[in-house]
Structures are given as structure tokens and as C-alpha cells.
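Raw contents of target23.tsv, TSV, C-alpha atoms:
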```
chain	number	residue	atom	x	y	z
Z	1	MET	CA	52.23	13.35	-65.26
Z	2	VAL	CA	49.61	13.77	-62.55
Z	3	LYS	CA	46.63	11.47	-63.01
Z	4	TRP	CA	45.21	11.21	-59.49
Z	5	ILE	CA	44.31	13.79	-56.86
Z	6	PHE	CA	43.79	12.48	-53.32
Z	7	PHE	CA	42.00	14.49	-50.64
Z	8	ASP	CA	41.83	14.52	-46.89
Z	9	VAL	CA	38.23	14.95	-45.65
Z	10	GLY	CA	38.07	17.03	-42.47
Z	11	SER	CA	38.90	20.73	-42.93
Z	12	THR	CA	39.66	19.93	-46.56
Z	13	LEU	CA	36.39	18.89	-48.18
Z	14	VAL	CA	34.14	19.59	-45.20
Z	15	ASP	CA	34.04	22.37	-42.63
Z	16	GLU	CA	34.54	20.85	-39.17
Z	17	THR	CA	34.27	24.10	-37.21
Z	18	GLU	CA	30.96	23.35	-35.51
Z	19	ALA	CA	31.91	19.70	-34.89
Z	20	TYR	CA	35.05	20.83	-33.07
Z	21	ASN	CA	33.15	23.51	-31.17
Z	22	HIS	CA	30.46	20.99	-30.18
Z	23	ARG	CA	33.17	18.73	-28.76
Z	24	VAL	CA	34.77	21.64	-26.89
Z	25	ARG	CA	31.48	22.63	-25.27
Z	26	GLU	CA	30.98	19.04	-24.10
Z	27	MET	CA	34.55	18.64	-22.84
Z	28	ILE	CA	34.55	21.84	-20.78
Z	29	ALA	CA	31.07	21.29	-19.32
Z	30	GLY	CA	31.38	21.18	-15.54
Z	31	THR	CA	34.87	22.74	-15.54
Z	32	ASN	CA	35.93	26.34	-14.98
Z	33	ILE	CA	37.40	26.52	-18.50
Z	34	THR	CA	35.55	28.96	-20.75
Z	35	PHE	CA	35.04	28.41	-24.47
Z	36	ARG	CA	36.92	31.64	-25.21
Z	37	GLU	CA	39.88	30.45	-23.11
Z	38	PHE	CA	40.02	27.12	-24.93
Z	39	ASP	CA	39.65	28.82	-28.30
Z	40	ASN	CA	42.48	31.27	-27.60
Z	41	ILE	CA	44.80	28.45	-26.55
Z	42	ARG	CA	44.11	26.26	-29.60
Z	43	ILE	CA	44.71	29.23	-31.93
Z	44	SER	CA	47.93	30.06	-30.07
Z	45	LEU	CA	49.11	26.45	-30.37
Z	46	ALA	CA	48.21	26.40	-34.06
Z	47	HIS	CA	50.41	29.48	-34.51
Z	48	GLN	CA	53.26	27.33	-33.17
Z	49	GLY	CA	52.66	24.78	-35.93
Z	50	LEU	CA	50.86	22.23	-33.75
Z	51	ASP	CA	47.52	20.52	-34.30
Z	52	GLY	CA	45.76	23.17	-32.24
Z	53	ASN	CA	42.70	21.19	-31.21
Z	54	SER	CA	44.55	18.11	-29.99
Z	55	ALA	CA	47.28	20.20	-28.38
Z	56	ALA	CA	44.70	22.31	-26.52
Z	57	ILE	CA	42.92	19.21	-25.23
Z	58	LYS	CA	46.24	17.96	-23.87
Z	59	HIS	CA	47.09	21.41	-22.48
Z	60	PHE	CA	43.90	21.47	-20.40
Z	61	GLY	CA	44.01	17.76	-19.52
Z	62	LEU	CA	40.59	17.13	-21.03
Z	63	THR	CA	39.14	13.87	-22.32
Z	64	LYS	CA	37.81	13.77	-25.87
Z	65	THR	CA	34.07	13.34	-26.19
Z	66	PRO	CA	32.41	11.64	-29.21
Z	67	TRP	CA	32.74	13.32	-32.57
Z	68	HIS	CA	29.56	14.79	-34.08
Z	69	SER	CA	29.77	14.10	-37.81
Z	70	GLU	CA	26.29	15.60	-38.22
Z	71	ASP	CA	27.87	19.03	-37.61
Z	72	GLU	CA	30.20	18.73	-40.62
Z	73	ILE	CA	29.17	20.48	-43.83
Z	74	PRO	CA	30.89	20.55	-47.25
Z	75	TYR	CA	32.76	23.73	-48.07
Z	76	SER	CA	30.76	25.91	-50.45
Z	77	ASP	CA	33.21	25.31	-53.31
Z	78	ALA	CA	33.63	21.56	-52.80
Z	79	HIS	CA	31.07	20.36	-55.36
Z	80	SER	CA	32.08	22.76	-58.12
Z	81	THR	CA	35.81	22.16	-57.60
Z	82	LEU	CA	35.54	18.36	-57.61
Z	83	ALA	CA	33.28	18.43	-60.67
Z	84	ALA	CA	35.71	20.70	-62.52
Z	85	LEU	CA	38.69	18.48	-61.67
Z	86	ARG	CA	36.81	15.45	-62.98
Z	87	GLN	CA	35.97	17.43	-66.11
Z	88	LYS	CA	39.70	18.10	-66.57
Z	89	GLY	CA	40.27	14.34	-66.64
Z	90	TYR	CA	41.67	13.72	-63.16
Z	91	LYS	CA	40.68	10.71	-61.11
Z	92	LEU	CA	39.93	11.55	-57.49
Z	93	GLY	CA	40.43	9.65	-54.26
Z	94	ILE	CA	40.22	9.97	-50.49
Z	95	ILE	CA	43.09	9.35	-48.05
Z	96	ALA	CA	41.75	10.26	-44.63
Z	97	ASN	CA	41.65	9.41	-40.96
Z	98	GLN	CA	37.94	8.86	-40.50
Z	99	LYS	CA	35.66	6.81	-38.30
Z	100	ILE	CA	33.61	4.00	-39.89
Z	101	GLY	CA	31.09	5.15	-42.48
Z	102	THR	CA	33.12	7.51	-44.69
Z	103	GLU	CA	31.39	6.40	-47.88
Z	104	GLU	CA	27.95	6.92	-46.33
Z	105	ARG	CA	28.90	10.40	-45.14
Z	106	LEU	CA	30.24	11.30	-48.58
Z	107	LYS	CA	26.91	10.19	-50.04
Z	108	ALA	CA	25.00	12.29	-47.52
Z	109	TRP	CA	27.09	15.33	-48.45
Z	110	GLY	CA	26.52	14.66	-52.16
Z	111	LEU	CA	30.24	14.12	-52.76
Z	112	ARG	CA	30.52	10.34	-53.24
Z	113	GLN	CA	29.97	10.55	-57.00
Z	114	TYR	CA	33.28	12.30	-57.55
Z	115	PHE	CA	35.57	9.66	-56.03
Z	116	ASN	CA	36.99	6.52	-57.60
Z	117	VAL	CA	38.84	5.37	-54.48
Z	118	ILE	CA	38.21	5.77	-50.75
Z	119	ALA	CA	41.07	4.88	-48.38
Z	120	ALA	CA	39.76	5.70	-44.89
Z	121	SER	CA	41.59	4.65	-41.74
Z	122	ALA	CA	38.72	2.85	-40.01
Z	123	GLU	CA	38.22	0.52	-42.97
Z	124	ILE	CA	41.82	0.28	-44.23
Z	125	GLY	CA	43.32	-0.44	-40.82
Z	126	TYR	CA	46.10	2.14	-41.12
Z	127	ALA	CA	46.02	5.85	-40.28
Z	128	LYS	CA	47.97	8.87	-41.46
Z	129	PRO	CA	50.79	9.68	-41.15
Z	130	ASP	CA	51.67	5.97	-41.62
Z	131	LYS	CA	52.80	5.31	-45.17
Z	132	GLU	CA	50.66	2.16	-45.38
Z	133	ILE	CA	47.39	4.07	-45.83
Z	134	PHE	CA	48.90	5.99	-48.74
Z	135	GLU	CA	50.30	2.80	-50.28
Z	136	LYS	CA	46.91	1.11	-49.97
Z	137	ALA	CA	45.34	4.03	-51.83
Z	138	PHE	CA	47.91	3.66	-54.63
Z	139	GLU	CA	47.13	-0.05	-54.79
Z	140	LEU	CA	43.38	0.60	-55.04
Z	141	ALA	CA	43.93	3.29	-57.67
Z	142	ARG	CA	46.57	1.33	-59.55
Z	143	CYS	CA	48.77	4.38	-59.66
Z	144	THR	CA	52.15	5.49	-58.32
Z	145	ALA	CA	53.04	8.24	-55.87
Z	146	GLU	CA	54.64	10.18	-58.72
Z	147	GLU	CA	51.32	10.21	-60.58
Z	148	SER	CA	49.48	11.61	-57.55
Z	149	VAL	CA	48.78	14.78	-55.65
Z	150	MET	CA	47.78	14.97	-51.96
Z	151	VAL	CA	45.54	17.82	-50.81
Z	152	GLY	CA	45.14	18.34	-47.06
Z	153	ASP	CA	45.07	20.85	-44.23
Z	154	ARG	CA	47.65	19.26	-41.93
Z	155	LEU	CA	51.37	19.31	-42.55
Z	156	ASP	CA	52.04	16.43	-40.14
Z	157	ASN	CA	49.33	14.04	-41.37
Z	158	ASP	CA	48.94	15.00	-45.02
Z	159	ILE	CA	51.79	16.95	-46.54
Z	160	ILE	CA	54.97	15.61	-44.92
Z	161	PRO	CA	54.18	11.88	-45.31
Z	162	ALA	CA	52.90	12.37	-48.87
Z	163	ASN	CA	56.05	14.28	-49.75
Z	164	ALA	CA	58.21	11.50	-48.34
Z	165	LEU	CA	56.55	9.04	-50.70
Z	166	GLY	CA	57.11	11.22	-53.76
Z	167	MET	CA	53.63	12.73	-54.18
Z	168	LYS	CA	53.06	16.34	-55.17
Z	169	THR	CA	51.42	18.18	-52.27
Z	170	VAL	CA	48.93	21.01	-51.79
Z	171	TRP	CA	48.58	22.49	-48.32
Z	172	LEU	CA	45.04	23.82	-47.91
Z	173	LYS	CA	45.21	26.40	-45.14
Z	174	SER	CA	41.72	25.98	-43.76
Z	175	GLY	CA	40.46	25.27	-40.26
Z	176	LEU	CA	43.18	26.00	-37.72
Z	177	ALA	CA	45.82	25.70	-40.45
Z	178	LYS	CA	44.92	29.22	-41.55
Z	179	TYR	CA	46.64	30.47	-38.40
Z	180	GLN	CA	49.88	28.68	-39.23
Z	181	SER	CA	52.71	30.58	-40.86
Z	182	ALA	CA	53.23	30.05	-44.57
Z	183	ASP	CA	56.91	29.56	-43.68
Z	184	LEU	CA	56.01	26.18	-42.15
Z	185	GLY	CA	54.95	24.95	-45.57
Z	186	ASN	CA	57.91	26.34	-47.49
Z	187	ARG	CA	60.07	23.57	-48.94
Z	188	VAL	CA	57.50	21.10	-47.56
Z	189	ALA	CA	54.39	21.64	-49.70
Z	190	ASP	CA	54.58	22.21	-53.44
Z	191	TYR	CA	51.65	24.60	-53.24
Z	192	GLN	CA	49.76	26.52	-50.55
Z	193	ILE	CA	46.13	27.56	-51.04
Z	194	TYR	CA	43.38	29.05	-48.89
Z	195	LYS	CA	40.32	27.80	-50.76
Z	196	LEU	CA	39.63	24.45	-52.42
Z	197	SER	CA	38.69	26.18	-55.67
Z	198	GLU	CA	42.25	27.54	-55.97
Z	199	LEU	CA	43.22	24.03	-57.04
Z	200	LEU	CA	41.80	24.82	-60.44
Z	201	CYS	CA	44.52	27.43	-60.96
Z	202	ILE	CA	47.39	25.02	-60.28
Z	203	LEU	CA	46.20	21.61	-61.53
```
Transcribe the structure of this file into C-alpha cells.
Amino acid sequence: MVKWIFFDVGSTLVDETEAYNHRVREMIAGTNITFREFDNIRISLAHQGLDGNSAAIKHFGLTKTPWHSEDEIPYSDAHSTLAALRQKGYKLGIIANQKIGTEERLKAWGLRQYFNVIAASAEIGYAKPDKEIFEKAFELARCTAEESVMVGDRLDNDIIPANALGMKTVWLKSGLAKYQSADLGNRVADYQIYKLSELLCIL
């Protein structure tokens, strides 16, 4: 029986579009690479099942600039979905690769109240896809993998490692994941959704 639902943060609870675009504009400043060119390449690489942003940075030989968390905003259905899941009796947690300050950012977004456990890489000391960050979350929640669901946008970081541990998985096709073929998630994710609120139809 599922008791816990764990969430990634970026492109799952919050829209990172402008944060990524801000970074792109900074990285290509002073080069002859246009934003449109970079955007087309990252979408093309996402179509191939890759993490489009990171793959495009490597493709162009660029150096990552600092991340602008201030550009992230919660998805419009985040509050209502999390509140409804809590109302259904689920306990909620975070398993995410995040820089220091995840709890403070969740507070700023008005989302902290919904979560019983926060396992973020900067504080935990392990990062997805390593199994240790998932196991630390189970330890904090006092639950098992079989009692848990993982919701995330990335197959490599969220869905595949969670599956390997025995969690149920929900692939949220947001951000660049929306360009990835549903076939990539077949036999990998238990469910595929396009909006966070669709969780309420399956959990």
C-alpha cells in the first residue's frame, strides 16, 4: 500500500524555464551562438532521450554559469495538487538534486507546509541517481521503497533509480521531458502524466 509520495523539485514542482533560459543567455554572451540555435539543439537532444540542457551545453563546449533560483516559479497546479494529496492521507517528501537552501526556497514558494521529509543533495551529501539519497529519504520517512511513489521529470535521475529500488514511479513529462517519446517511459515508469494535477487521477 502506498503511504508516501516523493517529488523531484525542478521541472516537477517548479517551472525552471526562465532559470534555464537565463543561464543560456549568460553562457552564450560573447559567442556567436544564438539563443534560437541553442534552443533548437537542446530540444533535438531531448528528442533523443538525453538531458537536453546538459547535453546542449556539452555540444557547444560552454561552461555553466550560476543558477538563478529566483527565476523558478511553482507550477500553477502545485499547491492544489499537494493539498489534495495530503487530504487523501498521503505523506509527502522531496528527493531532489538541489543547491543549499531547499527548505527556504520551498517556504518562499509557499510549498514547505506540504512536506514531511526533505532529502536534498546539498544537505544529504548524495545526489540522484545514486541510491543513497533515496535510502536516506526512506530512513527519514521511516518507510520502505514498496510503500513509496517517486514523481519526477527525468528518467535517468528519477524514474530508473527509483524503479530499481522497488518504488512505484510517475514520469511527469514537463520541461524538456515533454519532447521525449512516451516509448522511452514504457516498461520503465508505472505512469506517465503531463500535468502535476493528473496525479489525483492515479493515486
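Of the listed residues (Z:Gln113, Z:Leu203, Z:Leu196, Z:Arg187), Z:Leu196 comes nearest to Z:Thr81; the distances count all atoms listed in the file.
Closest approach to Z:Ala137 from the set Z:Asp51, Z:Gly110, Z:Trp171, Z:Ile94 is made by Z:Ile94, with distances taken over only C-alpha atoms.
Computed from the coordinates, the atom CA of Z:Leu165 to atom CA of Z:Ser80 distance equals 29.0 Å.
For the atom pair formed by atom CA of Z:His47 and atom CA of Z:Ser197, the distance is 24.4 Å, given to one decimal.
Distances from Z:Leu176, Z:Val9, Z:Leu200, Z:Ala182 to Z:Gln87 were compared using only C-alpha atoms, and the smallest one belongs to Z:Leu200.
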Across Z:Arg142, Z:Lys195, Z:Lys131, Z:His68, the smallest distance to Z:Gly175, with only C-alpha atoms counted, is shown by Z:Lys195
Min atom-atom distance to Z:Ile118 from the set Z:Phe6, Z:Met1, Z:Asp183, Z:Asn40, counting all atoms listed in the file, belongs to Z:Phe6
Near stretch 150-157 of chain Z, within 8 Å and counting all atoms listed in the file, which residues show up once chain neighbours fewer than 5 positions away are dropped, as a PyMOL selection string? chain Z and resi 5-9+11-12+51+128-129+162+167-175+177+185
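Between atom CA of Z:Leu199 and atom CA of Z:Lys91 lies a distance of 14.2 Å.
For the residues Z:Lys178, Z:Asp130, Z:Val149, Z:Thr144, ranking by smallest atom-to-atom distance to Z:Pro161 using all atoms listed in the file places Z:Asp130 first.
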